[in-house]
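Participant: Quick one: structure below, then a few questions.
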Amino acid sequence: MTETKLSNGALHEQADNSIDCANDHDPLSLSIRSNYSFSKPESLAQLRPERGSGVLPIITKAENRQLEKTMAELTINKLKFNSMGLIGREQEIATLKSCYRSLETQKSGESSQFSSQFLKADKDLVLLHGFSGVGKSKLAETVKEEVAASKNAMFAEGKYDFVTMDEPFSGIVQAYGSLCNQIKDSELGIREAVKLSIMENMEQETEMLKELIPELGSLFNNQDIDSISVSTRSSLGTSNENRQENWRHAFRLFTRILGSFFHPIVIVLDDLQWADPASLDVLEYLISDVQNPYPLMIIGCYRSNEVNETSILYNRMQDLSDKTERFAFRITDIEVKSCDVDAVNKMIMSMMSIDDEEKTQELAEACYKRTLGNPFFLIEFMKLLQAEGLLEFHLGLMKWVYNVSKIEDATMSTANVVDLLQTRMRKLPNDMQVLLQYAACLGSSFSPSTLQFVWKENRSIILTDDVSNVDDMLKLAEQANFMESCGTDQLRWVHDKVQEAALSLSDLVTPAFQFQLGLCLYHGLENKELDKRLFDITDLINKGAGVSREELATLNLRAAKKAQRTSAFLSASKYIANGIRFLPSDSWDTDRWLPLQLYSRGAEIELALGRTEKVDEYVGAVRNTEACTLIETMPVQVIKMRSLVSQVVIADSINDHALALLKKLGFQLVWNRKLVRAQALTLAIRTIKKVKRLSVHHFASLRKMKDPKQRAILNILSIVRVVAFKSKNVFLSMMCACKMVELTLAHGVSDMSGASLGGLANAAFFLKHDHAATLQISEMAFAVHERHGGSRVAETTYTICAHCLARVKPLHECLPMMMKGYSHGARSGEIEWSVYNLMMCLIFFPYVMGKTLDQILEQFPKILPQVEEAELKVALLIVRTFWQLVVKLQLVPSDKAAKLDGDIFKQDNKVELNPVHARIIHLAQGELFLFYGHYQTLANRDIEKGDLFADSAKTSFMIPMEAFHRGIALYAMAKRTKVRKYRTRANRLQKRISKWAKEGNPNVKHYDLMLRAEQASLNRRYGVADYLYKEAIIQAARTGHLHHAALFHERYAEYRLKDHGDVDDGKYHLAEAVRYYSEWGAVGKAEVLR
């Protein structure tokens, strides 16, 4: 066989394995054929000059230039890579599009009755995985077509790369930056509405995210930014251990706001195998956000061959797969495999514009053998064949010509796609090759202006005397399909394998080269641009070894601080370690501030990571130096104490360590540890008296505490207070709170002042039962938090409202404060106390207030995921227990229904109960006994166990309700049986509740009236009893206590029927009981009474 090849107008005989390409519709091919007579000949002889004539066709220079121009514009002789599409991916595309469309129409799926029946699965995590080059990224982009067809949807993508894999949030930042740019480019009305919503709903979150996502700042003008900064100034600066929760809340809140305007939102995160842990945290935050009602789709692409059971990504995905039902999201797993021979053949046909698959079958089999059906590899392989002359388009014959045997022989050593790419790159000019290596060091995307700068500053490395224009070379790189534009002044590699090929193109890219490149950027870029690329530049510099320079240690400290602010603690830890590595050997003597900052910051970061050995190493470095004063070492001393707390070290050991430190600082907390109780009581009474003389806003008007010594003392006292409280050393905790208040009065307000006032408010209530002082000091605590911010706001809110104000103010007045405590806790990272506030607001307070059971029931599936997410095991059991109680109260009363166990909560008698959970079970079981009318069981349990709930939950706001319900059962049994023990216990509880009512607890007035009515009925004081029953009913109904209004009507009906024989009145009140029980939601109980 022969192949034809055009050479200077002549055709030479060669092996002919050619393919017809009849593209007669191509105007350029028609032009060539008409102007230069390149029509298909009938035979080769027609194109040969006569032998011996010596005549060759003559083409003028002008004609040659025109020919070259026309040839360059010609498309028929070029492989058409862009026309390929996604051949062989029909099933994967259909699955992706189905996932997207389901987000718009998804209804609540079938699920467990008690798990997620109220939650809509409107979030989908799609995982595309396969080998590099199989087309995962292109596949993900097919959803973009669906988004474009939707009116309000948004699509954004971000990519991770192996060069900057330690950079926190890099892919997330790209994606959210794209979302912000789309908002900026949207219609004015929508843009202003989004901006207003952000300003109204995001406080410190805006400041946090602006630092991470510069594009967010571009949505606001200077006046907007100033107003945001002023409104959030007091709430910034939360503790290190809460930062991760801060970011969880920030990303969730921002995504909810965007989702309210644009839905569905689709976010593609490419090359997740290189994602940093902080980015995977954000992915989990977003997909598991049960409070986000708007549809969200996250598509994660990763290389399956680089993810195994030991990788972070694998374990995160396993954890997420266990949460799908509880957190109401789906995971769709799509494995993207290499293509088979048929698909490879179709790709080749598309590239070569061939319609007959038989003509390309042999070539396809050869290509499949070399590329194993990898689409990206196939494209590069075809480019190589064309570049090496193994695949050509013959304009004379209008055919693609090639020889399969030659292709197989010439490409036997082609091992992988990187080799193919480097073969193409090495054909470029030397300076172009160097430029590609510079660009590869800058990451998966980079600014041409940055590349221009480093190119200009490093002329000595460039291999040619005539330095080529960077813009021209970048255009050439784009034409060669190495790079592509991705926004204004931004380029990116078309594939990470191209970047990988450029990095290893020669021996130029060494650690020393990267170090010098990083230094060039560090010294040459302006501060704003430096901060934007801080992680990239620091990572390049950290490639260097054996260098001691303070400025580089300072740079790493700067990077560590930024990483820490974004809760990327692993990255921050690496920057600290490198900063210490760059410290000069005499740094403690020449400038102790820098090493002190590095080691102190490092100890704090390692504590957040739970690496206590590293904490001890950094703390020891500071303790062992003689260059620092005692006050300067206090930050690491406090970190050491917090480390001991995190290790659950015995409280006495922590207290001993703290008291020793306080003594060094000249502060005496306890004079005699055997007399702590007496000292605490004396100090509390004195401090309460002192504070009562001050106005509510006195503390809020105090200056900020600046004395480092006093702040160190406060920090230590704060830790001791918490440890003492958790170890039930109430008096030591109280003493710390009082001392902290005194320090605040003497030296100014700190971020711990509000919490200390909260502790003092508790002391005022439980020690002195002084309602006025409790209210006053509580208002002081809230005023301090409002004005100065501070730590433990959510905790302070919870303890004040649930333990004090719930006994002093109507319960409904506490709800807004506790909801605010929940919101602040979510923002500041006090996730535990935030959840406790939410539980009180949505479950426990509404239950005590007699809100409808359906209303309460709706809240459980919303709260449960947040409790699980916070990993609050005891709180989870409490929520499930109360959920079971509410479900049981809706059933028809029976002996079986009166047992608390059910589908939601089942008590395991073999497992020892946590004391907190045990008392909630005790309370819930008592509620069932009461409303099911099992008075004898409840009364006998009271005789046996007494004030078990009150004794174990000394400060719970539910103590009055629990005691009142026991009193009802005891009086009922006293009337039925005339047994003295029931009367005695009932009268004791009645006196207790009357005392609370007289002291001013507004929530027990109807309790007091009802027990006095029952007492009068027992004592046959019928006139008094009638009056008190009616007053109790009116009070319960007026305050919205549906369950008590129903119970009181039921009890009064029994009294009227049995004590007076008044059938009509008895039936009326029984009917009213049925009405109130039905309205409350206890439909089973109402049915029985009917």
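Quick note on naming: the chains in the structure tokens go A, B, ... in the order shown, residues restart at 1 in each chain, and ligands are numbered from 1 in order of appearance.
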Name all residues at most 10 Å from Tyr847 of chain A (count only C-alpha atoms; drop same-chain ones fewer than 2 positions away) and give them as a short mmCIF file (atom, residue, chain, number, x, y, z; two decimals) with C-alpha atoms, in the first residue's frame.
Facilitator:
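Written output follows (result00.cif):
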```cif
data_model
loop_
_atom_site.label_atom_id
_atom_site.label_comp_id
_atom_site.auth_asym_id
_atom_site.auth_seq_id
_atom_site.Cartn_x
_atom_site.Cartn_y
_atom_site.Cartn_z
CA MET A 840 -34.93 25.54 76.18
CA CYS A 841 -36.53 27.89 73.64
CA LEU A 842 -38.13 25.27 71.40
CA ILE A 843 -38.85 22.34 73.71
CA PHE A 844 -38.66 22.74 77.46
CA PHE A 845 -39.98 26.27 77.99
CA MET A 849 -45.84 26.98 79.25
CA GLY A 850 -48.44 24.55 77.89
CA LYS A 851 -47.89 25.16 74.17
CA THR A 852 -49.48 22.65 71.78
CA LEU A 853 -47.84 19.25 71.52
CA GLN A 855 -45.94 22.71 67.86
CA ILE A 856 -43.33 21.15 70.13
CA PHE A 882 -38.69 14.32 75.83
CA VAL A 886 -44.59 14.25 73.73
CA MET A 958 -38.74 22.86 85.92
CA HIS A 1041 -51.20 26.94 79.86
CA LEU A 1042 -53.39 24.58 77.86
CA HIS A 1043 -52.31 21.41 79.66
#
```
Participant: Residues within 9 Å of segment 554-569 of chain A, please, as an NGL selection string. Count only C-alpha atoms; anything in the same chain fewer than 3 positions from it doesn't count.
Facilitator: :A and (167-169 or 208-209 or 211-212 or 240-247 or 276-279 or 531 or 534-535 or 538 or 542 or 549-551 or 572-580 or 582-583 or 594 or 597-598 or 601-602 or 605-606 or 608-609)
Participant: Could you write out, as a PyMOL selection string, all the residues of segment 390-492 of chain A that DSSP marks as alpha helix (DSSP H)?
Facilitator: chain A and resi 404-410+417-425+430-441+448-457+470-479
Participant: What's the 7 Å shell around Ala924 of chain A, counting only C-alpha atoms, without same-chain residues fewer than 3 positions away, as a list in words?
Facilitator: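 Contacts, with the query itself left out: Phe882, Leu885, Ile920, Ile921, Glu927 and Leu928 of chain A.
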Participant: Would you pick out the contacts of Ile541 of chain A at 7 Å or less, using only C-alpha atoms, so that residues sharing its chain but fewer than 3 positions from it are not included, and give the list as a list in words?
Facilitator: Gln514, Phe515, Gly518, Leu519, Ile537, Thr538 and Gly544 of chain A
Participant: Determine the nearest neighbour of Val835 of chain A from the options A:Lys888, A:Lys809, A:Lys862, A:Lys1005, counting only C-alpha atoms.
Facilitator: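 Of the candidates, the smallest distance to Val835 of chain A is held by A:Lys862.
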Participant: Nearest to Met425 of chain A: which of A:Trp493, A:Phe376, A:Phe482, A:Trp400 is it, counting only C-alpha atoms?
Facilitator: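 The shortest atom-to-atom distance to Met425 of chain A comes from A:Phe482.
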Participant: Give me, please, the distance in Å between atom CA of Glu869 of chain A and atom CA of Gln318 of chain A, quoted to one decimal.
Facilitator: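 A separation of 15.4 Å between them.
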Participant: Using only C-alpha atoms for the distances, tell me which of A:Trp455, A:Phe377, A:Tyr932, A:Phe254 is nearest to Val417 of chain A.
Facilitator: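 Counting only C-alpha atoms, the residue closest to Val417 of chain A is A:Phe377.
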Participant: What lies within 10 Å of segment 184-197 of chain A using only C-alpha atoms, ignoring chain neighbours under 5 positions off, as a compact mmCIF listing (two decimals) with N, CA, C and O atoms, in the first residue's frame?
Facilitator:
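File produced: selection-v9.txt:
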```txt
# COMPACT_ATOMS: atom_id res chain seq x y z
N SER A 178 -16.54 33.41 43.08
CA SER A 178 -17.34 33.39 41.85
C SER A 178 -18.79 33.74 42.13
O SER A 178 -19.42 34.49 41.38
N LEU A 179 -19.35 33.21 43.22
CA LEU A 179 -20.72 33.54 43.59
C LEU A 179 -20.88 35.04 43.85
O LEU A 179 -21.86 35.66 43.42
N MET A 202 -25.90 39.20 58.92
CA MET A 202 -24.53 38.77 59.19
C MET A 202 -23.79 39.89 59.90
O MET A 202 -23.61 40.96 59.33
N GLU A 215 -13.77 39.12 47.19
CA GLU A 215 -14.87 39.51 46.30
C GLU A 215 -16.11 39.91 47.08
O GLU A 215 -16.93 40.70 46.60
N LEU A 216 -16.28 39.39 48.31
CA LEU A 216 -17.42 39.78 49.12
C LEU A 216 -17.35 41.26 49.47
O LEU A 216 -18.36 41.96 49.47
N SER A 218 -16.21 43.59 47.71
CA SER A 218 -16.50 44.44 46.54
C SER A 218 -17.99 44.70 46.39
O SER A 218 -18.38 45.57 45.61
N LEU A 219 -18.84 43.98 47.12
CA LEU A 219 -20.28 44.23 47.05
C LEU A 219 -20.68 45.47 47.83
O LEU A 219 -21.78 46.00 47.64
N PHE A 220 -19.79 45.95 48.71
CA PHE A 220 -20.14 47.05 49.60
C PHE A 220 -19.31 48.28 49.29
O PHE A 220 -18.16 48.18 48.86
N ASP A 224 -20.90 51.35 53.74
CA ASP A 224 -21.42 50.05 54.20
C ASP A 224 -20.41 49.33 55.07
O ASP A 224 -20.73 48.79 56.12
N PHE A 254 -24.12 32.62 55.31
CA PHE A 254 -23.92 33.25 54.00
C PHE A 254 -24.61 32.43 52.92
O PHE A 254 -25.27 32.98 52.02
N ILE A 257 -28.38 32.91 53.01
CA ILE A 257 -28.78 34.19 52.43
C ILE A 257 -28.74 34.12 50.90
O ILE A 257 -29.69 34.54 50.23
N LEU A 258 -27.66 33.57 50.36
CA LEU A 258 -27.58 33.42 48.90
C LEU A 258 -28.70 32.52 48.39
O LEU A 258 -29.32 32.80 47.35
N SER A 260 -31.62 32.13 49.54
CA SER A 260 -32.94 32.77 49.57
C SER A 260 -33.19 33.59 48.31
O SER A 260 -34.35 33.89 48.00
N PHE A 261 -32.15 33.96 47.59
CA PHE A 261 -32.28 34.72 46.35
C PHE A 261 -32.02 33.86 45.11
O PHE A 261 -32.64 34.07 44.07
N PHE A 262 -31.09 32.93 45.23
CA PHE A 262 -30.69 32.10 44.09
C PHE A 262 -30.80 30.63 44.49
O PHE A 262 -30.12 30.20 45.42
```
Participant: With only C-alpha atoms as the counted atoms, please give the residues lying no more than 10 Å from segment 724-728 of chain A, apart from itself and same-chain residues fewer than 3 positions off, as a list in words.
Facilitator: Ile650, Ala651, Asp652, Ile654, Asn655, Ser718, Ile719, Val720, Arg721, Phe731, Leu732, Ser733, Met734 and Cys736 of chain A
Participant: Print the selection's residues with C-alpha atoms to a file, as a tab-separated table (two decimals), in the first residue's frame.
Facilitator:
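This went into result.tsv:
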```
chain	number	residue	atom	x	y	z
A	650	ILE	CA	-8.38	15.92	88.38
A	651	ALA	CA	-9.89	19.25	89.42
A	652	ASP	CA	-7.75	19.49	92.56
A	654	ILE	CA	-5.73	22.04	88.19
A	655	ASN	CA	-6.73	24.17	91.16
A	718	SER	CA	-12.12	32.04	84.86
A	719	ILE	CA	-10.61	28.59	84.35
A	720	VAL	CA	-10.81	27.74	88.05
A	721	ARG	CA	-14.45	28.89	88.12
A	731	PHE	CA	-18.54	27.65	96.66
A	732	LEU	CA	-15.12	27.84	95.01
A	733	SER	CA	-16.88	28.68	91.73
A	734	MET	CA	-18.89	31.36	93.49
A	736	CYS	CA	-14.04	33.07	91.68
```
Participant: Between atom CA of Ala802 of chain A and atom CA of His785 of chain A, what is the distance, to one decimal in Å?
Facilitator: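 Here the two named atoms are 17.7 Å from each other.
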Participant: Please give the complete set of residues from segment 175-324 of chain A that DSSP, run on the backbone, assigns to strand (DSSP E or B), formatted as a PyMOL selection string.
Facilitator: chain A and resi 265-270+296-303
Participant: Can you tell me which residues surround Lys136 of chain A at a distance of at most 10 Å, considering only C-alpha atoms, apart from same-chain residues fewer than 6 positions away, and format the answer as a ChimeraX atom specification?
Facilitator: /A:92,127-130,270-271,300-303,334-337
Participant: Mind pulling up the distance from atom CA of Ala950 of chain A to atom CA of Arg983 of chain A?
Facilitator: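 Atom CA of Ala950 of chain A lies 20.0 Å from atom CA of Arg983 of chain A.
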Participant: Rank nothing, just name the residue among A:Ala328, A:Val143, A:Ile312, A:Ile716 nearest to Pro264 of chain A, using only C-alpha atoms.
Facilitator: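 With only C-alpha atoms as the atom set, the closest residue is A:Val143.
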Participant: Given only C-alpha atoms as the basis, pick out the residue of A:Thr612, A:Asn672, A:Gln437, A:Ser447 nearest to Asp507 of chain A.
Facilitator: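 Of A:Thr612, A:Asn672, A:Gln437, A:Ser447, the one nearest Asp507 of chain A, counting only C-alpha atoms, is A:Gln437.
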